[in-house]
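What follows is one structure encoded as structure tokens, with my remarks underneath.
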Amino acid sequence: MVNMNFTNFTKNLLAVATQRDVWEKQQYKVKLRVFRIMKSWTLKCKEKGISWTDSAAKHLQEKAN
């Protein structure tokens with residue numbers, strides 16, 4: 001029997017963007033241009049009673065790459 005305990009799960013977002021202030025039609029505006037959003041997830045877990053070769057964590061790591 002495999003015993004897997006998840007200890008932490010986090011999701012991170014990083015936006016690569018530019019921002020500038022403009023004056024248009026007698027109004028102040030902030031223009032934002034997003035070039036890319038990078039997402040990453042971190043899953044921390046512990047497995048007992050299973051080798052790394054057969055590990056679910058190893059399988060998830062290989063799928064992510």
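Residue numbering restarts at 1 for every chain of the structure tokens, chains are lettered A, B, ... in their displayed order, and ligands are numbered from 1 as they appear.
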In chain A, what's helix (DSSP H, G or I) per DSSP? Answer as a PyMOL selection string?
chain A and resi 52-54+56-64
Excluding region 36-53 of chain A and its own-chain neighbours fewer than 5 positions away, which residues fall within 9 Å of it when counting only C-alpha atoms? Please give them as a count of residues only.
19
Apply DSSP to the structure's backbone, then extract all residues of chain A labelled strand (DSSP E or B) and return them as a PyMOL selection string.
chain A and resi 3-24+27-48
Extract, using only C-alpha atoms, all DNA, RNA and protein residues at most 12 Å from Lys29 (chain A), discarding same-chain residues fewer than 6 positions from it, and format them as a VMD selection string.
chain A and resid 19 to 23
